[in-house]
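Here is the structure we will look at, set down as structure tokens.
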Amino acid sequence: MHMTTSTRQVGGVTIVDISGRIVLGEESAALRDLVCDLLSKGHKKILFNLGDVNYIDSSGLAIWSVLSRACGSRREN
């Protein structure tokens, strides 16, 4: 099963619902691109709902570190 995402707003929080597999390749790149897009549009509170993710490989785990640094550097600016 490929990764799928959808976003929704609840209060002032953007919720990213993720399902499927987060693995090296297009899935992790798509997740990175989605977060960069949300940040560029001014979304500062982002919550990731991983309830329907059934597998994350080591590259999928690494993307969270990359995203955390990206969010941190945007917060400082």
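Convention: chains lettered A, B, ... in structure tokens order; per-chain residue numbering from 1; ligands numbered from 1 as shown.
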
ask   = Leaving out Ile15 in chain A and any residue of its chain fewer than 5 positions from it, which residues lie within 10 Å of it when counting only C-alpha atoms, given as JSON, numbers by chain?
value = {"A": [6, 7, 8, 9, 10, 45, 46, 47, 48, 49]}

Worksheet entry | Long-range neighbours of range 62-64 of chain A as a ChimeraX atom specification, 10 Å cut-off, only C-alpha atoms, 5 positions minimum in chain | /A:22-24,28-29,31-32,56-57,69-70

If you keep N, CA and C atoms, can you produce a file of those selected residues as a short mmCIF file (atom, residue, chain, number, x, y, z; two decimals), in the first residue's frame?
data_model
loop_
_atom_site.label_atom_id
_atom_site.label_comp_id
_atom_site.auth_asym_id
_atom_site.auth_seq_id
_atom_site.Cartn_x
_atom_site.Cartn_y
_atom_site.Cartn_z
N ILE A 22 5.51 4.64 4.95
CA ILE A 22 6.45 5.75 4.78
C ILE A 22 7.83 5.12 4.58
N VAL A 23 8.30 5.15 3.33
CA VAL A 23 9.54 4.47 2.98
C VAL A 23 10.39 5.38 2.09
N LEU A 24 11.64 4.94 1.88
CA LEU A 24 12.56 5.67 1.02
C LEU A 24 11.95 5.84 -0.37
N SER A 28 8.62 9.41 1.17
CA SER A 28 9.29 10.36 2.07
C SER A 28 9.48 11.71 1.39
N ALA A 29 9.73 11.72 0.08
CA ALA A 29 9.87 12.98 -0.65
C ALA A 29 8.53 13.73 -0.68
N LEU A 31 6.15 13.55 1.51
CA LEU A 31 5.89 14.05 2.86
C LEU A 31 6.70 15.32 3.11
N ARG A 32 7.96 15.30 2.73
CA ARG A 32 8.81 16.50 2.87
C ARG A 32 8.23 17.66 2.08
N ILE A 56 6.98 1.90 8.63
CA ILE A 56 7.93 3.00 8.43
C ILE A 56 9.31 2.38 8.40
N ASP A 57 10.06 2.57 7.28
CA ASP A 57 11.43 2.05 7.24
C ASP A 57 12.38 3.08 7.82
N ARG A 69 14.09 19.60 11.94
CA ARG A 69 15.09 20.66 11.73
C ARG A 69 14.53 21.76 10.85
N ALA A 70 13.79 21.39 9.81
CA ALA A 70 13.23 22.40 8.91
C ALA A 70 12.24 23.28 9.66
#

What parts of chain A does DSSP call strand (DSSP E or B)? I'd like the answer as a PyMOL selection string. chain A and resi 4-10+13-22+46-56

Contact residues around Ile18 in chain A with only C-alpha atoms at 8 Å, ignoring same-chain residues under 5 positions, as a VMD selection string:
chain A and resid 3 to 6 48 to 53

re CA of Leu39 in chain A and CA of Val66 in chain A: distance 13.7 Å

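Among the residues of range 32-66 of chain A, backbone DSSP assigns alpha helix (DSSP H) to Arg32, Asp33, Leu34, Val35, Cys36, Asp37, Leu38, Leu39, Ser40, Ser58, Ser59, Gly60, Leu61, Ala62, Ile63, Trp64, Ser65 and Val66 of chain A.
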
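Across the model, the gap from CA of His2 in chain A to CA of Asn54 in chain A is 10.3 Å.
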